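K.L.:
Got final_27.csv for you, CSV, C-alpha atoms and all ligand atoms:
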chain,number,residue,atom,x,y,z
A,164,MET,CA,72.6,76.4,77.0
A,165,PRO,CA,74.4,73.9,79.3
A,166,PRO,CA,74.7,75.3,82.8
A,167,ILE,CA,78.5,75.2,82.7
A,168,GLN,CA,78.4,77.8,79.9
A,169,GLN,CA,77.2,80.3,82.6
A,170,LEU,CA,80.7,80.0,84.1
A,171,LEU,CA,82.1,82.2,81.4
A,172,ASP,CA,79.5,84.9,82.2
A,173,VAL,CA,80.4,84.5,85.9
A,174,GLN,CA,84.0,85.1,85.0
A,175,GLU,CA,83.2,88.2,83.0
A,176,PHE,CA,81.5,89.7,86.1
A,177,ASP,CA,84.5,88.7,88.2
A,178,LEU,CA,87.0,90.3,85.7
A,179,ALA,CA,84.9,93.5,85.6
A,180,SER,CA,84.8,93.5,89.4
A,181,ASP,CA,88.6,93.0,89.6
A,182,GLY,CA,89.0,96.0,87.3
A,183,LEU,CA,86.7,98.1,89.5
A,184,THR,CA,88.5,97.0,92.7
A,185,LEU,CA,91.8,97.9,91.2
A,186,ARG,CA,90.4,101.3,90.1
A,187,LEU,CA,89.1,101.8,93.6
A,188,ARG,CA,92.5,101.1,95.1
A,189,THR,CA,94.4,103.2,92.6
A,190,LEU,CA,92.2,106.3,92.3
A,191,PRO,CA,94.6,109.1,91.2
A,192,GLU,CA,93.0,111.3,93.8
A,193,ARG,CA,94.4,109.1,96.5
A,194,GLU,CA,98.0,109.9,95.5
A,195,ALA,CA,97.1,113.5,95.1
A,196,LEU,CA,95.6,113.5,98.6
A,197,GLN,CA,98.8,112.0,100.0
A,198,GLN,CA,100.8,114.7,98.4
A,199,SER,CA,98.4,117.3,99.7
A,200,HIS,CA,98.9,115.9,103.3
A,201,ALA,CA,102.6,115.9,102.8
A,202,ARG,CA,102.5,119.5,101.7
A,203,ALA,CA,100.5,120.5,104.7
A,204,ALA,CA,103.0,118.7,107.0
A,205,SER,CA,105.9,120.5,105.4
A,206,LEU,CA,104.1,123.8,105.6
A,207,ASP,CA,103.5,123.2,109.3
A,208,GLU,CA,107.1,122.4,109.9
A,209,ALA,CA,108.2,125.6,108.1
A,210,HIS,CA,105.6,127.5,110.2
A,211,SER,CA,107.1,126.2,113.5
A,212,THR,CA,110.5,127.4,112.2
A,213,PHE,CA,109.1,130.8,111.4
A,214,ILE,CA,107.5,131.1,114.8
A,215,GLU,CA,110.7,130.2,116.6
A,216,ARG,CA,112.6,132.7,114.5
A,217,ARG,CA,110.1,135.5,115.2
A,218,GLU,CA,110.4,134.7,119.0
A,219,ALA,CA,114.2,134.8,118.8
A,220,LEU,CA,114.1,138.1,116.9
A,221,SER,CA,111.5,139.7,119.3
A,222,HIS,CA,113.7,138.6,122.2
A,223,SER,CA,116.8,140.2,120.6
A,224,GLU,CA,114.9,143.3,119.6
A,225,HIS,CA,113.6,143.6,123.2
A,226,GLY,CA,117.2,143.3,124.6
A,227,LEU,CA,118.4,146.0,122.2
A,228,GLY,CA,115.6,148.3,123.1
A,229,GLY,CA,116.7,147.9,126.7
A,230,GLU,CA,120.3,148.7,125.8
A,231,VAL,CA,119.2,151.8,123.8
A,232,ALA,CA,117.3,153.1,126.8
A,233,VAL,CA,120.3,152.6,129.1
A,234,VAL,CA,122.7,154.4,126.8
A,235,ALA,CA,120.2,157.2,126.1
A,236,ALA,CA,119.6,157.7,129.8
A,237,LYS,CA,123.4,157.8,130.4
A,238,ALA,CA,123.8,160.4,127.6
A,239,LYS,CA,121.0,162.5,129.1
A,240,GLU,CA,122.7,162.3,132.5
A,241,VAL,CA,126.0,163.5,131.0
A,242,GLU,CA,124.2,166.2,129.1
A,243,ASP,CA,122.5,167.4,132.3
A,244,THR,CA,125.8,167.6,134.0
A,245,LEU,CA,127.3,169.5,131.0
A,246,TYR,CA,124.5,172.1,131.0
A,247,SER,CA,124.1,172.3,134.8
A,248,GLY,CA,126.9,174.8,135.0
A,249,THR,CA,128.7,172.9,137.7
A,250,VAL,CA,131.6,172.0,135.5
A,251,LYS,CA,133.6,174.9,134.4
A,252,ALA,CA,137.1,173.7,133.5
A,253,PRO,CA,137.3,173.7,129.6
A,254,LYS,CA,139.1,170.3,129.6
A,255,GLU,CA,136.4,168.7,131.7
A,256,LEU,CA,133.7,170.3,129.5
A,257,GLU,CA,135.5,168.9,126.5
A,258,ALA,CA,135.7,165.5,128.1
A,259,LEU,CA,131.9,165.5,128.8
A,260,GLN,CA,131.1,166.6,125.2
A,261,GLU,CA,133.3,163.7,124.0
A,262,GLU,CA,131.5,161.3,126.3
A,263,ILE,CA,128.1,162.5,125.0
A,264,ARG,CA,129.3,162.2,121.4
A,265,LEU,CA,130.4,158.6,122.0
A,266,LEU,CA,127.2,157.7,123.9
A,267,ARG,CA,125.0,159.1,121.1
A,268,GLU,CA,127.1,157.3,118.5
A,269,ARG,CA,126.6,154.1,120.4
A,270,GLN,CA,122.9,154.8,120.8
A,271,SER,CA,122.4,155.4,117.1
A,272,GLY,CA,124.4,152.2,116.3
A,273,LEU,CA,122.1,150.2,118.6
A,274,GLU,CA,119.0,151.9,117.1
A,275,GLU,CA,120.1,150.9,113.6
A,276,GLN,CA,120.5,147.3,114.7
A,277,GLU,CA,117.1,147.5,116.3
A,278,MET,CA,115.6,148.9,113.1
A,279,GLU,CA,117.1,146.0,111.1
A,280,LEU,CA,115.6,143.5,113.6
A,281,LEU,CA,112.2,145.1,113.3
A,282,GLU,CA,112.4,144.8,109.5
A,283,GLU,CA,113.4,141.2,109.9
A,284,ILE,CA,110.4,140.6,112.2
A,285,ASP,CA,108.1,142.2,109.6
A,286,ARG,CA,109.6,139.9,106.9
A,287,THR,CA,109.0,136.9,109.1
A,288,GLU,CA,105.4,138.0,109.8
A,289,ARG,CA,104.8,138.2,106.1
A,290,GLU,CA,106.3,134.7,105.7
A,291,ILE,CA,104.1,133.4,108.4
A,292,ALA,CA,101.0,134.9,106.8
A,293,GLU,CA,102.0,133.5,103.4
A,294,ASN,CA,102.6,130.1,104.9
A,295,ARG,CA,99.2,130.0,106.6
A,296,ALA,CA,97.5,131.1,103.4
A,297,ALA,CA,99.2,128.3,101.6
A,298,ARG,CA,98.2,125.9,104.3
A,299,ASP,CA,94.5,127.0,103.9
A,300,ARG,CA,94.7,126.4,100.2
A,301,THR,CA,96.2,123.0,100.8
A,302,ASP,CA,93.4,122.2,103.2
A,303,ALA,CA,90.8,123.2,100.6
A,304,ASP,CA,92.6,121.0,98.0
A,305,SER,CA,92.5,118.1,100.4
A,306,LYS,CA,88.8,118.6,101.1
A,307,ASP,CA,88.1,118.6,97.3
A,308,LEU,CA,90.2,115.4,96.8
A,309,GLU,CA,88.4,113.7,99.7
A,310,ALA,CA,85.1,114.6,98.2
A,311,ALA,CA,86.1,113.3,94.8
A,312,ILE,CA,87.4,110.0,96.4
A,313,HIS,CA,84.1,109.6,98.3
A,314,LYS,CA,82.1,110.2,95.2
A,315,ALA,CA,84.1,107.7,93.1
A,316,GLU,CA,84.0,105.1,95.9
A,317,GLY,CA,80.2,105.4,96.1
A,318,GLU,CA,79.9,105.0,92.3
A,319,ILE,CA,82.3,102.0,92.2
A,320,ASP,CA,80.6,100.3,95.2
A,321,ALA,CA,77.2,100.6,93.5
A,322,ASP,CA,78.7,99.0,90.4
A,323,LEU,CA,80.3,96.3,92.4
A,324,GLU,CA,77.0,95.6,94.2
A,325,ARG,CA,75.2,95.4,90.8
A,326,PHE,CA,77.8,93.0,89.4
A,327,ALA,CA,77.6,90.8,92.5
A,328,ASP,CA,73.8,90.5,92.1
A,329,GLN,CA,74.1,89.7,88.4
A,330,ARG,CA,76.8,87.2,89.1
A,331,ALA,CA,74.7,85.5,91.7
A,332,CYS,CA,72.0,84.9,89.1
A,333,LYS,CA,74.6,83.3,86.8
A,334,THR,CA,76.1,81.0,89.4
A,335,GLU,CA,72.8,79.5,90.4
A,336,ARG,CA,72.9,76.9,87.6
A,337,VAL,CA,76.6,76.1,87.6
A,338,PRO,CA,77.3,72.8,89.5
A,339,ALA,CA,78.7,73.6,92.9
A,340,ALA,CA,81.8,71.4,92.5
A,341,ILE,CA,82.7,73.2,89.2
A,342,LEU,CA,82.2,76.6,90.8
A,343,ALA,CA,84.4,75.7,93.8
A,344,GLU,CA,87.1,74.5,91.4
A,345,TYR,CA,86.8,77.7,89.4
A,346,GLU,CA,87.2,79.8,92.6
A,347,ARG,CA,90.2,77.7,93.7
A,348,LEU,CA,91.9,78.1,90.3
A,349,ARG,CA,91.1,81.8,90.0
A,350,ALA,CA,92.8,82.5,93.3
A,351,GLN,CA,96.1,81.4,91.6
A,352,GLN,CA,98.1,84.2,90.3
A,353,ARG,CA,99.3,82.4,87.1
A,354,MET,CA,95.6,82.3,86.0
A,355,ALA,CA,95.6,86.1,85.7
A,356,GLY,CA,91.9,86.1,86.7
A,357,ARG,CA,90.9,83.7,84.0
A,358,ALA,CA,90.2,80.2,85.5
A,359,ALA,CA,87.7,79.2,82.8
A,360,ALA,CA,88.1,79.3,79.1
A,361,PRO,CA,86.1,78.3,76.0
A,362,LEU,CA,87.1,75.3,74.1
A,363,ALA,CA,87.1,76.4,70.5
A,364,GLN,CA,88.3,74.6,67.4
A,365,GLY,CA,90.3,72.1,69.5
A,366,SER,CA,92.2,74.8,71.4
A,367,CYS,CA,92.0,76.1,74.9
A,368,GLY,CA,90.8,79.7,74.9
A,369,GLY,CA,93.0,80.4,78.0
A,370,CYS,CA,96.5,79.4,76.9
A,371,ARG,CA,95.5,79.2,73.2
A,372,VAL,CA,97.3,75.8,72.8
A,373,LYS,CA,95.8,73.1,70.7
A,374,LEU,CA,94.7,70.0,72.7
A,375,PRO,CA,96.0,66.6,71.6
A,376,VAL,CA,93.4,65.0,69.3
A,377,LEU,CA,92.9,62.0,71.6
A,378,GLU,CA,92.3,64.3,74.6
A,379,TYR,CA,90.0,66.5,72.5
A,380,ASN,CA,87.9,63.5,71.5
A,381,ARG,CA,87.8,62.3,75.1
A,382,LEU,CA,86.6,65.7,76.3
A,383,LYS,CA,83.9,65.8,73.7
A,384,ALA,CA,82.6,62.5,74.8
A,385,GLU,CA,82.2,63.6,78.5
A,386,PRO,CA,78.7,64.5,79.9
A,387,GLU,CA,77.5,68.1,79.6
A,388,ASP,CA,78.1,69.0,83.3
A,389,ALA,CA,81.5,67.3,83.7
A,390,LEU,CA,84.5,69.2,84.9
A,391,LEU,CA,86.9,69.4,82.0
A,392,CYS,CA,90.4,70.9,82.3
A,393,CYS,CA,93.0,72.0,79.8
A,394,VAL,CA,96.0,69.6,79.9
A,395,HIS,CA,98.3,72.5,79.3
A,396,CYS,CA,97.3,75.3,81.7
A,397,GLY,CA,94.7,73.6,83.9
A,398,ARG,CA,91.9,76.0,83.2
A,399,ILE,CA,88.3,74.8,83.2
A,400,LEU,CA,87.2,74.3,79.7
A,401,VAL,CA,83.7,75.3,78.6
A,402,ARG,CA,82.3,73.6,75.5
B,501,ZN,ZN,94.9,76.0,78.4
Would you write the structure of this file as structure tokens?
P.N.:
Amino acid sequence: MPPIQQLLDVQEFDLASDGLTLRLRTLPEREALQQSHARAASLDEAHSTFIERREALSHSEHGLGGEVAVVAAKAKEVEDTLYSGTVKAPKELEALQEEIRLLRERQSGLEEQEMELLEEIDRTEREIAENRAARDRTDADSKDLEAAIHKAEGEIDADLERFADQRACKTERVPAAILAEYERLRAQQRMAGRAAAPLAQGSCGGCRVKLPVLEYNRLKAEPEDALLCCVHCGRILVR
């Protein structure tokens, strides 16, 4: 087999390596991991909002508790006056009773508000707990994805290394100038990874266009290790 024929084998390894490199870059787990990280960030943002809300609610609840205590103390004070026996005039007694009624009414109104706040604090606590549980699940997902990526990377790297070794054996016999031209052409995007093509039945195996008869005869007459190129696409032709 003429040494240049090995170029097609070299290209097969290069194409296989390109495929693996692309797979390595586009592992579906990478996108899933990104989504998992985004989910974690959004959960953390929601968590901060919940914490702020809980603090604001606690603050309000604390303030209301203080107000309840003040109103209750005032009501107690008026009650003490009422039952002390120092006030005897019926009108004044009536006025004290009315004041107590109003104070107790206000107190129970405040207590109701406080109860609502406590319930809202409870709800917020539950939301915080659910949020953190979801965050833990997301972390576990991310860990699994990272492990899957790591495993795939290891396998692909091992394959790439094996291909590189096998490719090296094939390049040994290809003339250096032809190999250099192959590398140069292969770097061009329009080659789509195929810089060498077999010459079969008068056509280029790369662009599949028939060579002019004169050109074809000229190529056939060239020495075995000559660099031959397709006149249409520029690919290296391997006889
Ligand atoms: Zn061609």
K.L.:
Taking all atoms listed in the file into account, name the residue in A:Glu344, A:Asp285, A:Asp172, A:Asp322 that is nearest to Ala358 (chain A).
P.N.:
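Of A:Glu344, A:Asp285, A:Asp172, A:Asp322, the one nearest Ala358 (chain A), counting all atoms listed in the file, is A:Glu344.
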K.L.:
Work out how far CA of Arg286 (chain A) is from CA of Glu215 (chain A), in Å to one decimal.
P.N.:
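Taking CA of Glu215 (chain A) as the start and CA of Arg286 (chain A) as the end point, the length is 13.8 Å.
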K.L.:
Would you kindly return, as a PDB file with C-alpha atoms, in the coordinates of the input, each protein, DNA or RNA residue with an atom no farther than 9 Å from any atom of Ala360 (chain A), considering all atoms listed in the file and excluding same-chain residues fewer than 5 positions away?
P.N.:
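Result file is part-v6.pdb:
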ATOM      1  CA  LEU A 170      80.700  80.000  84.100  1.00  0.00           C
ATOM      2  CA  LEU A 171      82.100  82.200  81.400  1.00  0.00           C
ATOM      3  CA  CYS A 367      92.000  76.100  74.900  1.00  0.00           C
ATOM      4  CA  GLY A 368      90.800  79.700  74.900  1.00  0.00           C
ATOM      5  CA  GLY A 369      93.000  80.400  78.000  1.00  0.00           C
ATOM      6  CA  CYS A 370      96.500  79.400  76.900  1.00  0.00           C
ATOM      7  CA  CYS A 393      93.000  72.000  79.800  1.00  0.00           C
ATOM      8  CA  ARG A 398      91.900  76.000  83.200  1.00  0.00           C
ATOM      9  CA  ILE A 399      88.300  74.800  83.200  1.00  0.00           C
ATOM     10  CA  LEU A 400      87.200  74.300  79.700  1.00  0.00           C
ATOM     11  CA  VAL A 401      83.700  75.300  78.600  1.00  0.00           C
ATOM     12  CA  ARG A 402      82.300  73.600  75.500  1.00  0.00           C
TER      13      ARG A 402
END
K.L.:
Taking 3 positions as the minimum chain separation for residues in the same chain, which residues sit within 12 Å of His200 (chain A) when counting only C-alpha atoms? Answer as a PDB file with C-alpha atoms, in the frame of the given file.
P.N.:
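In the end it all went to part_34.pdb:
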ATOM      1  CA  ARG A 193      94.400 109.100  96.500  1.00  0.00           C
ATOM      2  CA  GLU A 194      98.000 109.900  95.500  1.00  0.00           C
ATOM      3  CA  ALA A 195      97.100 113.500  95.100  1.00  0.00           C
ATOM      4  CA  LEU A 196      95.600 113.500  98.600  1.00  0.00           C
ATOM      5  CA  GLN A 197      98.800 112.000 100.000  1.00  0.00           C
ATOM      6  CA  ALA A 203     100.500 120.500 104.700  1.00  0.00           C
ATOM      7  CA  ALA A 204     103.000 118.700 107.000  1.00  0.00           C
ATOM      8  CA  SER A 205     105.900 120.500 105.400  1.00  0.00           C
ATOM      9  CA  LEU A 206     104.100 123.800 105.600  1.00  0.00           C
ATOM     10  CA  ASP A 207     103.500 123.200 109.300  1.00  0.00           C
ATOM     11  CA  ARG A 298      98.200 125.900 104.300  1.00  0.00           C
ATOM     12  CA  ASP A 299      94.500 127.000 103.900  1.00  0.00           C
ATOM     13  CA  ARG A 300      94.700 126.400 100.200  1.00  0.00           C
ATOM     14  CA  THR A 301      96.200 123.000 100.800  1.00  0.00           C
ATOM     15  CA  ASP A 302      93.400 122.200 103.200  1.00  0.00           C
ATOM     16  CA  ALA A 303      90.800 123.200 100.600  1.00  0.00           C
ATOM     17  CA  ASP A 304      92.600 121.000  98.000  1.00  0.00           C
ATOM     18  CA  SER A 305      92.500 118.100 100.400  1.00  0.00           C
ATOM     19  CA  LYS A 306      88.800 118.600 101.100  1.00  0.00           C
ATOM     20  CA  LEU A 308      90.200 115.400  96.800  1.00  0.00           C
ATOM     21  CA  GLU A 309      88.400 113.700  99.700  1.00  0.00           C
TER      22      GLU A 309
END
K.L.:
Which distance in Å separates CA of Arg188 (chain A) and CA of Ala321 (chain A), to one decimal?
P.N.:
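Computing the Euclidean distance for CA of Arg188 (chain A) and CA of Ala321 (chain A) yields 15.4 Å.
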